[in-house]
Amino acid sequence: MLEKNFLAPSRLPAQRTDALLVRLAAMRQPADTVPHYRVVFRSAPRLGANAFALPNATILVTDRLVTLARDDDEVLAVIGH
């Protein structure tokens, strides 16, 4: 339902999202102590600046959240929360 009604492919440059994912991976505990999850970036103008976890272990981050953040630390704090 989300993909069909609210989400579109991210418009952020891949270099930007890849850099965030690398920093996020560096913050994680060892693999055997952390549940598996996947972070995806999506354009979602109707949802605004947002991030949320889905039941299938996906963390969805909107482009607007990334563009409004003052720096990567703010984005990572939201994802980590």
# chains A, B, ... in the order shown; residues from 1 in each chain; ligands from 1

call {"tool": "select_by_dssp", "arguments": {"residues": "chain A", "states": "strand (DSSP E or B)", "output": "ChimeraX atom specification"}}
result
/A:8-9,38-43,51-53,58-62

call {"tool": "residues_around", "arguments": {"residues": "A:Val22", "least_positions_apart": "6", "cutoff": "12 Å", "atoms": "only C-alpha atoms", "output": "ChimeraX atom specification"}}
result
/A:15-16,28,39,72,76

call {"tool": "write_last_selection", "arguments": {"atoms": "N, CA, C and O atoms", "output": "PDB file, in the first residue's frame"}}
result
ATOM      1  N   GLN A  15      25.381   8.356  -4.423  1.00  0.00           N
ATOM      2  CA  GLN A  15      26.575   8.653  -3.629  1.00  0.00           C
ATOM      3  C   GLN A  15      26.181   9.140  -2.227  1.00  0.00           C
ATOM      4  O   GLN A  15      26.808   8.782  -1.236  1.00  0.00           O
ATOM      5  N   ARG A  16      25.110   9.924  -2.141  1.00  0.00           N
ATOM      6  CA  ARG A  16      24.650  10.452  -0.855  1.00  0.00           C
ATOM      7  C   ARG A  16      24.085   9.343   0.026  1.00  0.00           C
ATOM      8  O   ARG A  16      24.425   9.230   1.200  1.00  0.00           O
ATOM      9  N   ARG A  28      26.994   0.008  13.912  1.00  0.00           N
ATOM     10  CA  ARG A  28      26.317  -1.191  14.394  1.00  0.00           C
ATOM     11  C   ARG A  28      27.196  -2.023  15.309  1.00  0.00           C
ATOM     12  O   ARG A  28      28.409  -1.995  15.234  1.00  0.00           O
ATOM     13  N   VAL A  39      17.769  -0.602   5.126  1.00  0.00           N
ATOM     14  CA  VAL A  39      17.400   0.811   5.057  1.00  0.00           C
ATOM     15  C   VAL A  39      17.162   1.163   3.600  1.00  0.00           C
ATOM     16  O   VAL A  39      17.994   0.859   2.739  1.00  0.00           O
ATOM     17  N   ASP A  72      24.832  14.692   8.432  1.00  0.00           N
ATOM     18  CA  ASP A  72      24.590  13.247   8.458  1.00  0.00           C
ATOM     19  C   ASP A  72      24.298  12.735   9.860  1.00  0.00           C
ATOM     20  O   ASP A  72      23.553  11.774  10.027  1.00  0.00           O
ATOM     21  N   LEU A  76      21.436  10.026  10.862  1.00  0.00           N
ATOM     22  CA  LEU A  76      21.779   8.772  11.535  1.00  0.00           C
ATOM     23  C   LEU A  76      21.119   8.660  12.900  1.00  0.00           C
ATOM     24  O   LEU A  76      20.752   7.557  13.326  1.00  0.00           O
TER      25      LEU A  76
END

call {"tool": "atom_distance", "arguments": {"atom1": "atom CA of A:Phe52", "atom2": "atom CA of A:Arg64"}}
result
13.3 Å

call {"tool": "select_by_dssp", "arguments": {"residues": "chain A", "states": "helix (DSSP H, G or I)", "output": "PDB file with all heavy atoms, in the first residue's frame"}}
result
ATOM      1  N   LEU A   2       1.928   1.263   0.810  1.00  0.00           N
ATOM      2  CA  LEU A   2       2.797   2.434   0.857  1.00  0.00           C
ATOM      3  C   LEU A   2       3.435   2.707  -0.494  1.00  0.00           C
ATOM      4  O   LEU A   2       3.432   3.837  -0.977  1.00  0.00           O
ATOM      5  CB  LEU A   2       3.889   2.257   1.910  1.00  0.00           C
ATOM      6  CG  LEU A   2       3.468   2.424   3.353  1.00  0.00           C
ATOM      7  CD1 LEU A   2       4.613   2.029   4.277  1.00  0.00           C
ATOM      8  CD2 LEU A   2       3.042   3.845   3.629  1.00  0.00           C
ATOM      9  N   GLU A   3       4.019   1.651  -1.092  1.00  0.00           N
ATOM     10  CA  GLU A   3       4.684   1.827  -2.390  1.00  0.00           C
ATOM     11  C   GLU A   3       3.704   2.348  -3.436  1.00  0.00           C
ATOM     12  O   GLU A   3       4.049   3.208  -4.237  1.00  0.00           O
ATOM     13  CB  GLU A   3       5.316   0.517  -2.863  1.00  0.00           C
ATOM     14  CG  GLU A   3       6.514   0.067  -2.075  1.00  0.00           C
ATOM     15  CD  GLU A   3       7.778   0.871  -2.360  1.00  0.00           C
ATOM     16  OE1 GLU A   3       7.829   1.657  -3.315  1.00  0.00           O
ATOM     17  OE2 GLU A   3       8.736   0.686  -1.590  1.00  0.00           O
ATOM     18  N   LYS A   4       2.510   1.868  -3.435  1.00  0.00           N
ATOM     19  CA  LYS A   4       1.529   2.235  -4.447  1.00  0.00           C
ATOM     20  C   LYS A   4       0.987   3.651  -4.241  1.00  0.00           C
ATOM     21  O   LYS A   4       0.776   4.377  -5.208  1.00  0.00           O
ATOM     22  CB  LYS A   4       0.375   1.235  -4.426  1.00  0.00           C
ATOM     23  CG  LYS A   4      -0.686   1.501  -5.466  1.00  0.00           C
ATOM     24  CD  LYS A   4      -1.769   0.458  -5.416  1.00  0.00           C
ATOM     25  CE  LYS A   4      -2.847   0.774  -6.448  1.00  0.00           C
ATOM     26  NZ  LYS A   4      -3.944  -0.178  -6.379  1.00  0.00           N
ATOM     27  N   ASN A   5       0.770   4.041  -3.002  1.00  0.00           N
ATOM     28  CA  ASN A   5       0.063   5.295  -2.730  1.00  0.00           C
ATOM     29  C   ASN A   5       0.920   6.465  -2.260  1.00  0.00           C
ATOM     30  O   ASN A   5       0.499   7.609  -2.399  1.00  0.00           O
ATOM     31  CB  ASN A   5      -1.033   5.045  -1.686  1.00  0.00           C
ATOM     32  CG  ASN A   5      -2.086   4.104  -2.190  1.00  0.00           C
ATOM     33  OD1 ASN A   5      -2.672   4.329  -3.235  1.00  0.00           O
ATOM     34  ND2 ASN A   5      -2.322   3.024  -1.459  1.00  0.00           N
ATOM     35  N   ALA A  14      22.851   8.498  -5.523  1.00  0.00           N
ATOM     36  CA  ALA A  14      23.293   7.237  -4.915  1.00  0.00           C
ATOM     37  C   ALA A  14      24.514   7.460  -4.034  1.00  0.00           C
ATOM     38  O   ALA A  14      24.650   6.817  -2.982  1.00  0.00           O
ATOM     39  CB  ALA A  14      23.584   6.202  -5.990  1.00  0.00           C
ATOM     40  N   GLN A  15      25.381   8.356  -4.423  1.00  0.00           N
ATOM     41  CA  GLN A  15      26.575   8.653  -3.629  1.00  0.00           C
ATOM     42  C   GLN A  15      26.181   9.140  -2.227  1.00  0.00           C
ATOM     43  O   GLN A  15      26.808   8.782  -1.236  1.00  0.00           O
ATOM     44  CB  GLN A  15      27.426   9.704  -4.339  1.00  0.00           C
ATOM     45  CG  GLN A  15      28.708  10.049  -3.632  1.00  0.00           C
ATOM     46  CD  GLN A  15      29.504  11.110  -4.400  1.00  0.00           C
ATOM     47  OE1 GLN A  15      28.963  11.863  -5.197  1.00  0.00           O
ATOM     48  NE2 GLN A  15      30.797  11.146  -4.143  1.00  0.00           N
ATOM     49  N   ARG A  16      25.110   9.924  -2.141  1.00  0.00           N
ATOM     50  CA  ARG A  16      24.650  10.452  -0.855  1.00  0.00           C
ATOM     51  C   ARG A  16      24.085   9.343   0.026  1.00  0.00           C
ATOM     52  O   ARG A  16      24.425   9.230   1.200  1.00  0.00           O
ATOM     53  CB  ARG A  16      23.580  11.525  -1.106  1.00  0.00           C
ATOM     54  CG  ARG A  16      22.979  12.109   0.130  1.00  0.00           C
ATOM     55  CD  ARG A  16      23.885  13.160   0.718  1.00  0.00           C
ATOM     56  NE  ARG A  16      23.200  13.861   1.787  1.00  0.00           N
ATOM     57  CZ  ARG A  16      23.449  13.651   3.083  1.00  0.00           C
ATOM     58  NH1 ARG A  16      24.375  12.809   3.447  1.00  0.00           N
ATOM     59  NH2 ARG A  16      22.784  14.319   3.992  1.00  0.00           N
ATOM     60  N   THR A  17      23.214   8.526  -0.534  1.00  0.00           N
ATOM     61  CA  THR A  17      22.619   7.453   0.275  1.00  0.00           C
ATOM     62  C   THR A  17      23.652   6.395   0.638  1.00  0.00           C
ATOM     63  O   THR A  17      23.632   5.869   1.750  1.00  0.00           O
ATOM     64  CB  THR A  17      21.411   6.823  -0.446  1.00  0.00           C
ATOM     65  OG1 THR A  17      21.813   6.305  -1.711  1.00  0.00           O
ATOM     66  CG2 THR A  17      20.295   7.836  -0.628  1.00  0.00           C
ATOM     67  N   ASP A  18      24.558   6.091  -0.281  1.00  0.00           N
ATOM     68  CA  ASP A  18      25.617   5.114   0.020  1.00  0.00           C
ATOM     69  C   ASP A  18      26.490   5.595   1.174  1.00  0.00           C
ATOM     70  O   ASP A  18      26.857   4.802   2.050  1.00  0.00           O
ATOM     71  CB  ASP A  18      26.487   4.858  -1.207  1.00  0.00           C
ATOM     72  CG  ASP A  18      25.766   4.087  -2.301  1.00  0.00           C
ATOM     73  OD1 ASP A  18      24.668   3.548  -2.044  1.00  0.00           O
ATOM     74  OD2 ASP A  18      26.306   4.040  -3.426  1.00  0.00           O
ATOM     75  N   ALA A  19      26.811   6.882   1.207  1.00  0.00           N
ATOM     76  CA  ALA A  19      27.630   7.429   2.295  1.00  0.00           C
ATOM     77  C   ALA A  19      26.916   7.292   3.633  1.00  0.00           C
ATOM     78  O   ALA A  19      27.537   6.948   4.651  1.00  0.00           O
ATOM     79  CB  ALA A  19      27.981   8.885   2.015  1.00  0.00           C
ATOM     80  N   LEU A  20      25.617   7.535   3.650  1.00  0.00           N
ATOM     81  CA  LEU A  20      24.852   7.374   4.892  1.00  0.00           C
ATOM     82  C   LEU A  20      24.838   5.914   5.337  1.00  0.00           C
ATOM     83  O   LEU A  20      25.000   5.611   6.524  1.00  0.00           O
ATOM     84  CB  LEU A  20      23.428   7.884   4.711  1.00  0.00           C
ATOM     85  CG  LEU A  20      23.274   9.394   4.666  1.00  0.00           C
ATOM     86  CD1 LEU A  20      21.903   9.787   4.134  1.00  0.00           C
ATOM     87  CD2 LEU A  20      23.496   9.988   6.057  1.00  0.00           C
ATOM     88  N   LEU A  21      24.660   4.995   4.403  1.00  0.00           N
ATOM     89  CA  LEU A  21      24.628   3.576   4.752  1.00  0.00           C
ATOM     90  C   LEU A  21      25.969   3.084   5.273  1.00  0.00           C
ATOM     91  O   LEU A  21      26.017   2.257   6.194  1.00  0.00           O
ATOM     92  CB  LEU A  21      24.172   2.749   3.548  1.00  0.00           C
ATOM     93  CG  LEU A  21      22.726   2.983   3.110  1.00  0.00           C
ATOM     94  CD1 LEU A  21      22.432   2.228   1.819  1.00  0.00           C
ATOM     95  CD2 LEU A  21      21.757   2.601   4.214  1.00  0.00           C
ATOM     96  N   VAL A  22      27.051   3.593   4.720  1.00  0.00           N
ATOM     97  CA  VAL A  22      28.388   3.213   5.204  1.00  0.00           C
ATOM     98  C   VAL A  22      28.569   3.693   6.642  1.00  0.00           C
ATOM     99  O   VAL A  22      29.051   2.948   7.505  1.00  0.00           O
ATOM    100  CB  VAL A  22      29.489   3.784   4.276  1.00  0.00           C
ATOM    101  CG1 VAL A  22      30.856   3.705   4.924  1.00  0.00           C
ATOM    102  CG2 VAL A  22      29.486   3.043   2.956  1.00  0.00           C
ATOM    103  N   ARG A  23      28.178   4.926   6.923  1.00  0.00           N
ATOM    104  CA  ARG A  23      28.308   5.439   8.292  1.00  0.00           C
ATOM    105  C   ARG A  23      27.405   4.684   9.250  1.00  0.00           C
ATOM    106  O   ARG A  23      27.788   4.405  10.384  1.00  0.00           O
ATOM    107  CB  ARG A  23      27.977   6.933   8.335  1.00  0.00           C
ATOM    108  CG  ARG A  23      29.091   7.754   7.712  1.00  0.00           C
ATOM    109  CD  ARG A  23      29.197   9.155   8.225  1.00  0.00           C
ATOM    110  NE  ARG A  23      29.156   9.291   9.663  1.00  0.00           N
ATOM    111  CZ  ARG A  23      28.678  10.377  10.264  1.00  0.00           C
ATOM    112  NH1 ARG A  23      28.210  11.390   9.564  1.00  0.00           N
ATOM    113  NH2 ARG A  23      28.676  10.452  11.581  1.00  0.00           N
ATOM    114  N   LEU A  24      26.210   4.341   8.818  1.00  0.00           N
ATOM    115  CA  LEU A  24      25.298   3.579   9.663  1.00  0.00           C
ATOM    116  C   LEU A  24      25.872   2.201   9.974  1.00  0.00           C
ATOM    117  O   LEU A  24      25.839   1.749  11.118  1.00  0.00           O
ATOM    118  CB  LEU A  24      23.935   3.441   8.981  1.00  0.00           C
ATOM    119  CG  LEU A  24      22.873   2.682   9.761  1.00  0.00           C
ATOM    120  CD1 LEU A  24      22.520   3.432  11.044  1.00  0.00           C
ATOM    121  CD2 LEU A  24      21.644   2.475   8.915  1.00  0.00           C
ATOM    122  N   ALA A  25      26.434   1.543   8.989  1.00  0.00           N
ATOM    123  CA  ALA A  25      27.028   0.218   9.203  1.00  0.00           C
ATOM    124  C   ALA A  25      28.178   0.283  10.202  1.00  0.00           C
ATOM    125  O   ALA A  25      28.372  -0.631  11.002  1.00  0.00           O
ATOM    126  CB  ALA A  25      27.503  -0.357   7.874  1.00  0.00           C
ATOM    127  N   ALA A  26      28.924   1.368  10.176  1.00  0.00           N
ATOM    128  CA  ALA A  26      30.053   1.510  11.104  1.00  0.00           C
ATOM    129  C   ALA A  26      29.579   1.679  12.545  1.00  0.00           C
ATOM    130  O   ALA A  26      30.336   1.408  13.478  1.00  0.00           O
ATOM    131  CB  ALA A  26      30.908   2.703  10.695  1.00  0.00           C
ATOM    132  N   MET A  27      28.344   2.087  12.744  1.00  0.00           N
ATOM    133  CA  MET A  27      27.800   2.306  14.087  1.00  0.00           C
ATOM    134  C   MET A  27      27.224   1.040  14.708  1.00  0.00           C
ATOM    135  O   MET A  27      26.973   0.993  15.896  1.00  0.00           O
ATOM    136  CB  MET A  27      26.670   3.355  14.035  1.00  0.00           C
ATOM    137  CG  MET A  27      27.124   4.717  13.654  1.00  0.00           C
ATOM    138  SD  MET A  27      25.766   5.885  13.344  1.00  0.00           S
ATOM    139  CE  MET A  27      24.584   5.514  14.607  1.00  0.00           C
ATOM    140  N   ALA A  31      27.680  -8.333  14.003  1.00  0.00           N
ATOM    141  CA  ALA A  31      26.547  -8.889  13.266  1.00  0.00           C
ATOM    142  C   ALA A  31      25.741  -9.910  14.072  1.00  0.00           C
ATOM    143  O   ALA A  31      24.536 -10.011  13.909  1.00  0.00           O
ATOM    144  CB  ALA A  31      27.027  -9.520  11.968  1.00  0.00           C
ATOM    145  N   ASP A  32      26.382 -10.653  14.952  1.00  0.00           N
ATOM    146  CA  ASP A  32      25.653 -11.681  15.690  1.00  0.00           C
ATOM    147  C   ASP A  32      24.796 -11.105  16.815  1.00  0.00           C
ATOM    148  O   ASP A  32      24.021 -11.820  17.423  1.00  0.00           O
ATOM    149  CB  ASP A  32      26.604 -12.745  16.222  1.00  0.00           C
ATOM    150  CG  ASP A  32      27.640 -12.183  17.189  1.00  0.00           C
ATOM    151  OD1 ASP A  32      27.882 -10.958  17.169  1.00  0.00           O
ATOM    152  OD2 ASP A  32      28.206 -12.981  17.940  1.00  0.00           O
ATOM    153  N   THR A  33      24.885  -9.810  17.088  1.00  0.00           N
ATOM    154  CA  THR A  33      24.080  -9.217  18.160  1.00  0.00           C
ATOM    155  C   THR A  33      23.036  -8.237  17.650  1.00  0.00           C
ATOM    156  O   THR A  33      22.280  -7.691  18.427  1.00  0.00           O
ATOM    157  CB  THR A  33      24.976  -8.473  19.166  1.00  0.00           C
ATOM    158  OG1 THR A  33      25.622  -7.395  18.495  1.00  0.00           O
ATOM    159  CG2 THR A  33      25.983  -9.401  19.802  1.00  0.00           C
ATOM    160  N   ASP A  63      13.369  11.163   1.417  1.00  0.00           N
ATOM    161  CA  ASP A  63      14.341  12.109   0.869  1.00  0.00           C
ATOM    162  C   ASP A  63      14.287  13.433   1.612  1.00  0.00           C
ATOM    163  O   ASP A  63      15.311  14.059   1.867  1.00  0.00           O
ATOM    164  CB  ASP A  63      14.061  12.372  -0.613  1.00  0.00           C
ATOM    165  CG  ASP A  63      14.360  11.194  -1.513  1.00  0.00           C
ATOM    166  OD1 ASP A  63      14.871  10.162  -1.033  1.00  0.00           O
ATOM    167  OD2 ASP A  63      14.071  11.309  -2.723  1.00  0.00           O
ATOM    168  N   ARG A  64      13.096  13.853   1.954  1.00  0.00           N
ATOM    169  CA  ARG A  64      12.932  15.152   2.618  1.00  0.00           C
ATOM    170  C   ARG A  64      13.658  15.181   3.964  1.00  0.00           C
ATOM    171  O   ARG A  64      14.233  16.199   4.340  1.00  0.00           O
ATOM    172  CB  ARG A  64      11.448  15.461   2.796  1.00  0.00           C
ATOM    173  CG  ARG A  64      11.167  16.835   3.295  1.00  0.00           C
ATOM    174  CD  ARG A  64      11.342  17.842   2.171  1.00  0.00           C
ATOM    175  NE  ARG A  64      10.959  19.151   2.676  1.00  0.00           N
ATOM    176  CZ  ARG A  64      11.635  20.257   2.438  1.00  0.00           C
ATOM    177  NH1 ARG A  64      12.703  20.227   1.685  1.00  0.00           N
ATOM    178  NH2 ARG A  64      11.234  21.389   2.930  1.00  0.00           N
ATOM    179  N   LEU A  65      13.646  14.085   4.696  1.00  0.00           N
ATOM    180  CA  LEU A  65      14.382  14.033   5.962  1.00  0.00           C
ATOM    181  C   LEU A  65      15.864  14.275   5.713  1.00  0.00           C
ATOM    182  O   LEU A  65      16.504  15.052   6.417  1.00  0.00           O
ATOM    183  CB  LEU A  65      14.175  12.684   6.654  1.00  0.00           C
ATOM    184  CG  LEU A  65      14.994  12.492   7.926  1.00  0.00           C
ATOM    185  CD1 LEU A  65      14.414  13.311   9.060  1.00  0.00           C
ATOM    186  CD2 LEU A  65      15.083  11.048   8.300  1.00  0.00           C
ATOM    187  N   VAL A  66      16.405  13.629   4.695  1.00  0.00           N
ATOM    188  CA  VAL A  66      17.831  13.762   4.392  1.00  0.00           C
ATOM    189  C   VAL A  66      18.153  15.194   3.971  1.00  0.00           C
ATOM    190  O   VAL A  66      19.157  15.766   4.408  1.00  0.00           O
ATOM    191  CB  VAL A  66      18.257  12.753   3.305  1.00  0.00           C
ATOM    192  CG1 VAL A  66      19.708  12.960   2.902  1.00  0.00           C
ATOM    193  CG2 VAL A  66      18.033  11.318   3.800  1.00  0.00           C
ATOM    194  N   THR A  67      17.301  15.800   3.161  1.00  0.00           N
ATOM    195  CA  THR A  67      17.604  17.145   2.667  1.00  0.00           C
ATOM    196  C   THR A  67      17.407  18.219   3.731  1.00  0.00           C
ATOM    197  O   THR A  67      18.068  19.254   3.681  1.00  0.00           O
ATOM    198  CB  THR A  67      16.775  17.495   1.412  1.00  0.00           C
ATOM    199  OG1 THR A  67      15.384  17.408   1.720  1.00  0.00           O
ATOM    200  CG2 THR A  67      17.119  16.574   0.263  1.00  0.00           C
ATOM    201  N   LEU A  68      16.538  17.988   4.694  1.00  0.00           N
ATOM    202  CA  LEU A  68      16.322  18.981   5.753  1.00  0.00           C
ATOM    203  C   LEU A  68      17.341  18.887   6.895  1.00  0.00           C
ATOM    204  O   LEU A  68      17.539  19.853   7.627  1.00  0.00           O
ATOM    205  CB  LEU A  68      14.923  18.843   6.345  1.00  0.00           C
ATOM    206  CG  LEU A  68      13.784  19.393   5.516  1.00  0.00           C
ATOM    207  CD1 LEU A  68      12.456  19.141   6.217  1.00  0.00           C
ATOM    208  CD2 LEU A  68      13.959  20.873   5.233  1.00  0.00           C
ATOM    209  N   ASP A  72      24.832  14.692   8.432  1.00  0.00           N
ATOM    210  CA  ASP A  72      24.590  13.247   8.458  1.00  0.00           C
ATOM    211  C   ASP A  72      24.298  12.735   9.860  1.00  0.00           C
ATOM    212  O   ASP A  72      23.553  11.774  10.027  1.00  0.00           O
ATOM    213  CB  ASP A  72      25.781  12.495   7.872  1.00  0.00           C
ATOM    214  CG  ASP A  72      25.896  12.653   6.369  1.00  0.00           C
ATOM    215  OD1 ASP A  72      25.001  13.268   5.752  1.00  0.00           O
ATOM    216  OD2 ASP A  72      26.892  12.159   5.806  1.00  0.00           O
ATOM    217  N   ASP A  73      24.892  13.365  10.863  1.00  0.00           N
ATOM    218  CA  ASP A  73      24.648  12.915  12.236  1.00  0.00           C
ATOM    219  C   ASP A  73      23.164  12.989  12.586  1.00  0.00           C
ATOM    220  O   ASP A  73      22.646  12.118  13.284  1.00  0.00           O
ATOM    221  CB  ASP A  73      25.466  13.733  13.234  1.00  0.00           C
ATOM    222  CG  ASP A  73      26.953  13.440  13.158  1.00  0.00           C
ATOM    223  OD1 ASP A  73      27.334  12.372  12.629  1.00  0.00           O
ATOM    224  OD2 ASP A  73      27.744  14.279  13.629  1.00  0.00           O
ATOM    225  N   GLU A  74      22.476  14.007  12.117  1.00  0.00           N
ATOM    226  CA  GLU A  74      21.038  14.110  12.389  1.00  0.00           C
ATOM    227  C   GLU A  74      20.268  12.981  11.712  1.00  0.00           C
ATOM    228  O   GLU A  74      19.379  12.379  12.316  1.00  0.00           O
ATOM    229  CB  GLU A  74      20.494  15.459  11.921  1.00  0.00           C
ATOM    230  CG  GLU A  74      20.879  16.604  12.813  1.00  0.00           C
ATOM    231  CD  GLU A  74      20.202  17.905  12.450  1.00  0.00           C
ATOM    232  OE1 GLU A  74      19.565  18.023  11.379  1.00  0.00           O
ATOM    233  OE2 GLU A  74      20.304  18.835  13.256  1.00  0.00           O
ATOM    234  N   VAL A  75      20.609  12.687  10.478  1.00  0.00           N
ATOM    235  CA  VAL A  75      19.935  11.591   9.768  1.00  0.00           C
ATOM    236  C   VAL A  75      20.200  10.266  10.490  1.00  0.00           C
ATOM    237  O   VAL A  75      19.273   9.494  10.730  1.00  0.00           O
ATOM    238  CB  VAL A  75      20.411  11.505   8.297  1.00  0.00           C
ATOM    239  CG1 VAL A  75      19.764  10.317   7.590  1.00  0.00           C
ATOM    240  CG2 VAL A  75      20.122  12.806   7.550  1.00  0.00           C
ATOM    241  N   LEU A  76      21.436  10.026  10.862  1.00  0.00           N
ATOM    242  CA  LEU A  76      21.779   8.772  11.535  1.00  0.00           C
ATOM    243  C   LEU A  76      21.119   8.660  12.900  1.00  0.00           C
ATOM    244  O   LEU A  76      20.752   7.557  13.326  1.00  0.00           O
ATOM    245  CB  LEU A  76      23.291   8.639  11.632  1.00  0.00           C
ATOM    246  CG  LEU A  76      24.005   8.523  10.278  1.00  0.00           C
ATOM    247  CD1 LEU A  76      25.505   8.598  10.453  1.00  0.00           C
ATOM    248  CD2 LEU A  76      23.598   7.261   9.559  1.00  0.00           C
ATOM    249  N   ALA A  77      20.951   9.772  13.588  1.00  0.00           N
ATOM    250  CA  ALA A  77      20.259   9.742  14.877  1.00  0.00           C
ATOM    251  C   ALA A  77      18.816   9.324  14.710  1.00  0.00           C
ATOM    252  O   ALA A  77      18.284   8.521  15.506  1.00  0.00           O
ATOM    253  CB  ALA A  77      20.347  11.112  15.546  1.00  0.00           C
ATOM    254  N   VAL A  78      18.163   9.805  13.673  1.00  0.00           N
ATOM    255  CA  VAL A  78      16.771   9.418  13.415  1.00  0.00           C
ATOM    256  C   VAL A  78      16.695   7.944  13.053  1.00  0.00           C
ATOM    257  O   VAL A  78      15.863   7.214  13.580  1.00  0.00           O
ATOM    258  CB  VAL A  78      16.140  10.295  12.306  1.00  0.00           C
ATOM    259  CG1 VAL A  78      14.777   9.760  11.898  1.00  0.00           C
ATOM    260  CG2 VAL A  78      16.032  11.743  12.773  1.00  0.00           C
ATOM    261  N   ILE A  79      17.566   7.495  12.172  1.00  0.00           N
ATOM    262  CA  ILE A  79      17.564   6.086  11.776  1.00  0.00           C
ATOM    263  C   ILE A  79      17.842   5.199  12.986  1.00  0.00           C
ATOM    264  O   ILE A  79      17.188   4.170  13.188  1.00  0.00           O
ATOM    265  CB  ILE A  79      18.579   5.807  10.656  1.00  0.00           C
ATOM    266  CG1 ILE A  79      18.173   6.550   9.380  1.00  0.00           C
ATOM    267  CG2 ILE A  79      18.706   4.308  10.387  1.00  0.00           C
ATOM    268  CD1 ILE A  79      19.229   6.511   8.287  1.00  0.00           C
ATOM    269  N   GLY A  80      18.791   5.575  13.797  1.00  0.00           N
ATOM    270  CA  GLY A  80      19.153   4.784  14.972  1.00  0.00           C
ATOM    271  C   GLY A  80      18.078   4.747  16.039  1.00  0.00           C
ATOM    272  O   GLY A  80      18.002   3.823  16.835  1.00  0.00           O
TER     273      GLY A  80
END

call {"tool": "closest_residue", "arguments": {"among": "A:His36, A:Ala8, A:Arg70, A:Ser43", "to": "A:Asn56", "atoms": "only C-alpha atoms"}}
result
A:His36

call {"tool": "atom_distance", "arguments": {"atom1": "atom CA of A:Tyr37", "atom2": "atom CA of A:Val61"}}
result
13.0 Å

call {"tool": "atom_distance", "arguments": {"atom1": "atom CA of A:Ala53", "atom2": "atom CA of A:Leu12"}}
result
19.8 Å

call {"tool": "closest_residue", "arguments": {"among": "A:Met1, A:Phe6, A:Pro13, A:Arg42", "to": "A:Ile59", "atoms": "only C-alpha atoms"}}
result
A:Arg42
